[in-house]
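Reviewing the structure listed below.
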Amino acid sequence: MSQRVPEPAADRAARRPTPGDPARTASDDGLPVSEETYWAEYYHAADTCYEWNDGRLEEKPVSDYETIAVYKWLLGLLEHFLRVHPIADWVALEMGFRLALATGTVIRRPDLAVVRHNNPHPLRPGMASYPGVLDLCIEALSDRARQDSHRDTVAKRAEYAAGGVPEYYILSHRAEHQAFYTRDADGLYVPLPATDDIVRSRVLPGFQFRRRDLCAQPDWDSMRADPVYAGFVLPGWTAAERRAEAEARRADAEAASRRQAEQELARLRAEMAERKR
């Protein structure tokens with residue numbers, strides 16, 4: 001089988017429709033390009049998100065609306081957690097990072113990622129790619145094509161584990177396709193324990209969620225009273241609410257005490273008036 005020869009950059013530019021052109025439907029998925037060309041010409045491409053797999057471009061597929069809703073809910077939960085426990089930062093918008101593996105070099109762009117503050121490569125202003133190993137990678141599964149699903153569930157799982165990413169989550173609106181991995185002592189991914197359906201992160205101690213809530217997506221206000229989430233979902237609101245309730249109870253107690261005192265005073269006055277007769 002003949003191998004596809006990379007086109008010169010000028011030829012590729014000439015054959016592509018310009019941005020905004022209705023005819024712009026061509027994809028360079030599978031095109032062999034050097035890593036240098038990838039970073040220079042494809043990494044910042046506005047129209048299509050490409051990853052790079054040991055010399056070839058891989059177009060990053062799009063998830064469906066229901067899975068995006070799962071992703072959005074978990075992102076919101078993560079924001080709540082990090083606001084209360086600022087031990088890490090998160091990045092979205094498919095920031096890329098490079099993994100030099102025994103099987104070849106890949107550049108992956110997870111849908112969501114976390115970098116702990118104690119990571120040797122903390123996030124810095126101005127970063128457009130990440131120079132280290134992310135602490136948590138999260139992918140919103142695209143399962144419209146078998147190869148897309150395989151990339152997230154098999155290929156990336158193996159790459160992230162071999163590259164040293166401590167945790168990896170696969171999100172989907174189908175509960176049976178969800179997966180949450182932690183890296184064991186042998187450098188392999190094993191499922192995070194989910195006692196009582198609750199997934200507890202090891203990378204972010206205290207961050208936890210019920211698997212079924214990923215699809216149910218309860219609202220934040222109702223979660224404040226849930227013991228799974230009460231420690232980091234709107235705790236300020238809960239504390240203020242409790243202070244207001246305590247103040248109301250104190251005011252009620254003072255009012256009751258005043259009424260009792262007034263009633264006792266009225267009784268004493270009535271007794272004195274009776275004696276004077």
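Each chain in the structure tokens gets a letter, A, B, ..., in the order shown, and its residues are numbered from 1; ligands are numbered from 1 in order too.
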Contacts of region 35-37 of chain A at 10 Å (only C-alpha atoms; same-chain gap of 6+ positions) as a VMD selection string
chain A and resid 9 43 52 to 57 105 to 107
Kindly export the residues of the current selection with N, CA, C and O atoms, as a PDB file, in the first residue's frame.
```pdb
ATOM      1  N   ALA A   9       3.357  23.091   2.621  1.00  0.00           N
ATOM      2  CA  ALA A   9       2.376  23.959   3.275  1.00  0.00           C
ATOM      3  C   ALA A   9       1.667  24.853   2.269  1.00  0.00           C
ATOM      4  O   ALA A   9       0.450  25.085   2.371  1.00  0.00           O
ATOM      5  N   TYR A  43      -2.020  23.329  15.398  1.00  0.00           N
ATOM      6  CA  TYR A  43      -2.394  23.412  16.806  1.00  0.00           C
ATOM      7  C   TYR A  43      -3.350  24.564  17.070  1.00  0.00           C
ATOM      8  O   TYR A  43      -4.300  24.441  17.846  1.00  0.00           O
ATOM      9  N   TRP A  52      -2.185  15.069  17.532  1.00  0.00           N
ATOM     10  CA  TRP A  52      -1.077  14.555  16.718  1.00  0.00           C
ATOM     11  C   TRP A  52      -0.636  13.222  17.291  1.00  0.00           C
ATOM     12  O   TRP A  52      -0.344  13.113  18.484  1.00  0.00           O
ATOM     13  N   ASN A  53      -0.633  12.199  16.451  1.00  0.00           N
ATOM     14  CA  ASN A  53      -0.315  10.849  16.907  1.00  0.00           C
ATOM     15  C   ASN A  53       0.876  10.310  16.134  1.00  0.00           C
ATOM     16  O   ASN A  53       0.736   9.735  15.050  1.00  0.00           O
ATOM     17  N   ASP A  54       2.054  10.546  16.682  1.00  0.00           N
ATOM     18  CA  ASP A  54       3.299   9.978  16.158  1.00  0.00           C
ATOM     19  C   ASP A  54       3.448  10.177  14.652  1.00  0.00           C
ATOM     20  O   ASP A  54       3.763   9.246  13.903  1.00  0.00           O
ATOM     21  N   GLY A  55       3.195  11.414  14.187  1.00  0.00           N
ATOM     22  CA  GLY A  55       3.426  11.739  12.782  1.00  0.00           C
ATOM     23  C   GLY A  55       2.182  11.923  11.955  1.00  0.00           C
ATOM     24  O   GLY A  55       2.271  12.299  10.780  1.00  0.00           O
ATOM     25  N   ARG A  56       0.995  11.701  12.535  1.00  0.00           N
ATOM     26  CA  ARG A  56      -0.248  11.874  11.776  1.00  0.00           C
ATOM     27  C   ARG A  56      -1.245  12.718  12.556  1.00  0.00           C
ATOM     28  O   ARG A  56      -1.324  12.646  13.775  1.00  0.00           O
ATOM     29  N   LEU A  57      -2.015  13.497  11.796  1.00  0.00           N
ATOM     30  CA  LEU A  57      -3.067  14.299  12.396  1.00  0.00           C
ATOM     31  C   LEU A  57      -4.269  13.432  12.736  1.00  0.00           C
ATOM     32  O   LEU A  57      -4.621  12.509  12.003  1.00  0.00           O
ATOM     33  N   THR A 105       5.511   9.323  20.101  1.00  0.00           N
ATOM     34  CA  THR A 105       5.107  10.584  20.719  1.00  0.00           C
ATOM     35  C   THR A 105       3.716  10.979  20.245  1.00  0.00           C
ATOM     36  O   THR A 105       3.399  10.878  19.061  1.00  0.00           O
ATOM     37  N   VAL A 106       2.893  11.426  21.201  1.00  0.00           N
ATOM     38  CA  VAL A 106       1.553  11.904  20.879  1.00  0.00           C
ATOM     39  C   VAL A 106       1.348  13.263  21.525  1.00  0.00           C
ATOM     40  O   VAL A 106       1.957  13.586  22.544  1.00  0.00           O
ATOM     41  N   ILE A 107       0.481  14.053  20.916  1.00  0.00           N
ATOM     42  CA  ILE A 107       0.053  15.327  21.499  1.00  0.00           C
ATOM     43  C   ILE A 107      -1.458  15.238  21.641  1.00  0.00           C
ATOM     44  O   ILE A 107      -2.177  15.130  20.642  1.00  0.00           O
TER      45      ILE A 107
END
```
Going by DSSP on the backbone, which residues of region 77-162 of chain A come out as helix (DSSP H, G or I)? List them as a ChimeraX atom specification.
/A:77-84,146-162
Could you check which of A:Lys156, A:Pro110, A:Arg98, A:Leu171 is closest to Val133 (chain A), using only C-alpha atoms?
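So, comparing all the options, the nearest one is A:Arg98.
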For the interface of region 77-141 of chain A with region 172-184 of chain A (cut-off 9 Å, counting only C-alpha atoms), please tabulate each contacting residue of region 77-141 of chain A alongside its nearest pair of atoms and their separation in Å to one decimal, rows sorted by chain and increasing number, as a tab-separated table.
```
residue	atom	partner	partner_atom	distance
A:Glu139	CA	A:Ser172	CA	8.9
A:Ala140	CA	A:Ser172	CA	6.2
A:Leu141	CA	A:Ser172	CA	5.6
```
Distance query Val115 (chain A) at most 8 Å, only C-alpha atoms, self and fewer than 5 positions along chain excluded, as a list in words
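Result of the neighbour search: Ala88, Asp89, Trp90, Pro122, Leu123, Leu134, Asp135 and Leu136 of chain A.
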Selection: 8 Å around region 209-223 of chain A, only C-alpha atoms, excl. self and same-chain fewer than 2 positions, as a PyMOL selection string:
chain A and resi 70+73-74+173-175+197-200+207+225-226+228-230+233-234
Set the distance at 9 Å and use only C-alpha atoms: which residues neighbour Gly163 (chain A) once local chain neighbours fewer than 5 positions away are removed? I'd like the list as a list in words.
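Counting only the stated atoms, we get Leu99, Ala100, Leu101, Val133, Ala158 and Gly187 of chain A.
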Write out as a PyMOL selection string each polymer residue whose atoms come within 12 Å of Ala45 (chain A), counting only C-alpha atoms; drop sequence neighbours fewer than 5 positions from it.
chain A and resi 19+27-28+37-40+50-51+59+94
Selection export as a PDB file, in the first residue's frame, atoms kept: N, CA and C atoms:
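Saved the output as out_12.pdb:
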```pdb
ATOM      1  N   PRO A  19     -11.404  30.319   5.369  1.00  0.00           N
ATOM      2  CA  PRO A  19     -12.356  30.282   6.478  1.00  0.00           C
ATOM      3  C   PRO A  19     -13.633  31.039   6.126  1.00  0.00           C
ATOM      4  N   SER A  27     -11.080  17.806   5.573  1.00  0.00           N
ATOM      5  CA  SER A  27     -10.387  17.564   6.834  1.00  0.00           C
ATOM      6  C   SER A  27      -9.035  16.962   6.523  1.00  0.00           C
ATOM      7  N   ASP A  28      -8.051  17.317   7.335  1.00  0.00           N
ATOM      8  CA  ASP A  28      -6.725  16.734   7.170  1.00  0.00           C
ATOM      9  C   ASP A  28      -6.507  15.563   8.119  1.00  0.00           C
ATOM     10  N   THR A  37       5.487  20.969  12.080  1.00  0.00           N
ATOM     11  CA  THR A  37       4.383  21.476  11.256  1.00  0.00           C
ATOM     12  C   THR A  37       3.086  21.480  12.045  1.00  0.00           C
ATOM     13  N   TYR A  38       2.870  20.453  12.863  1.00  0.00           N
ATOM     14  CA  TYR A  38       1.653  20.400  13.679  1.00  0.00           C
ATOM     15  C   TYR A  38       1.548  21.634  14.577  1.00  0.00           C
ATOM     16  N   TRP A  39       2.631  21.909  15.321  1.00  0.00           N
ATOM     17  CA  TRP A  39       2.587  23.059  16.232  1.00  0.00           C
ATOM     18  C   TRP A  39       2.450  24.371  15.467  1.00  0.00           C
ATOM     19  N   ALA A  40       3.088  24.467  14.348  1.00  0.00           N
ATOM     20  CA  ALA A  40       3.095  25.731  13.598  1.00  0.00           C
ATOM     21  C   ALA A  40       1.796  25.977  12.838  1.00  0.00           C
ATOM     22  N   TYR A  50      -7.205  19.507  15.963  1.00  0.00           N
ATOM     23  CA  TYR A  50      -6.431  18.316  15.644  1.00  0.00           C
ATOM     24  C   TYR A  50      -5.528  17.935  16.814  1.00  0.00           C
ATOM     25  N   GLU A  51      -5.403  16.635  17.031  1.00  0.00           N
ATOM     26  CA  GLU A  51      -4.347  16.090  17.873  1.00  0.00           C
ATOM     27  C   GLU A  51      -3.281  15.503  16.949  1.00  0.00           C
ATOM     28  N   GLU A  59      -8.228  14.260  13.794  1.00  0.00           N
ATOM     29  CA  GLU A  59      -9.249  15.264  14.064  1.00  0.00           C
ATOM     30  C   GLU A  59     -10.013  14.878  15.324  1.00  0.00           C
ATOM     31  N   GLU A  94      -9.332  22.567  25.217  1.00  0.00           N
ATOM     32  CA  GLU A  94      -8.464  21.598  24.550  1.00  0.00           C
ATOM     33  C   GLU A  94      -6.995  22.026  24.504  1.00  0.00           C
TER      34      GLU A  94
END
```
Using only C-alpha atoms, the residue out of A:Thr48, A:Val91, A:Ala185, A:Val190 with shortest distance to Met127 (chain A) is A:Val91
From a DSSP pass on the backbone, collect the residues of region 44-229 of chain A flagged as strand (DSSP E or B) and hand them back as a ChimeraX atom specification.
/A:50-53,56-59,88-91,96-101,104-108,112-116,129-130,136-140,167-171,179-183,189-191,198-200,208-210
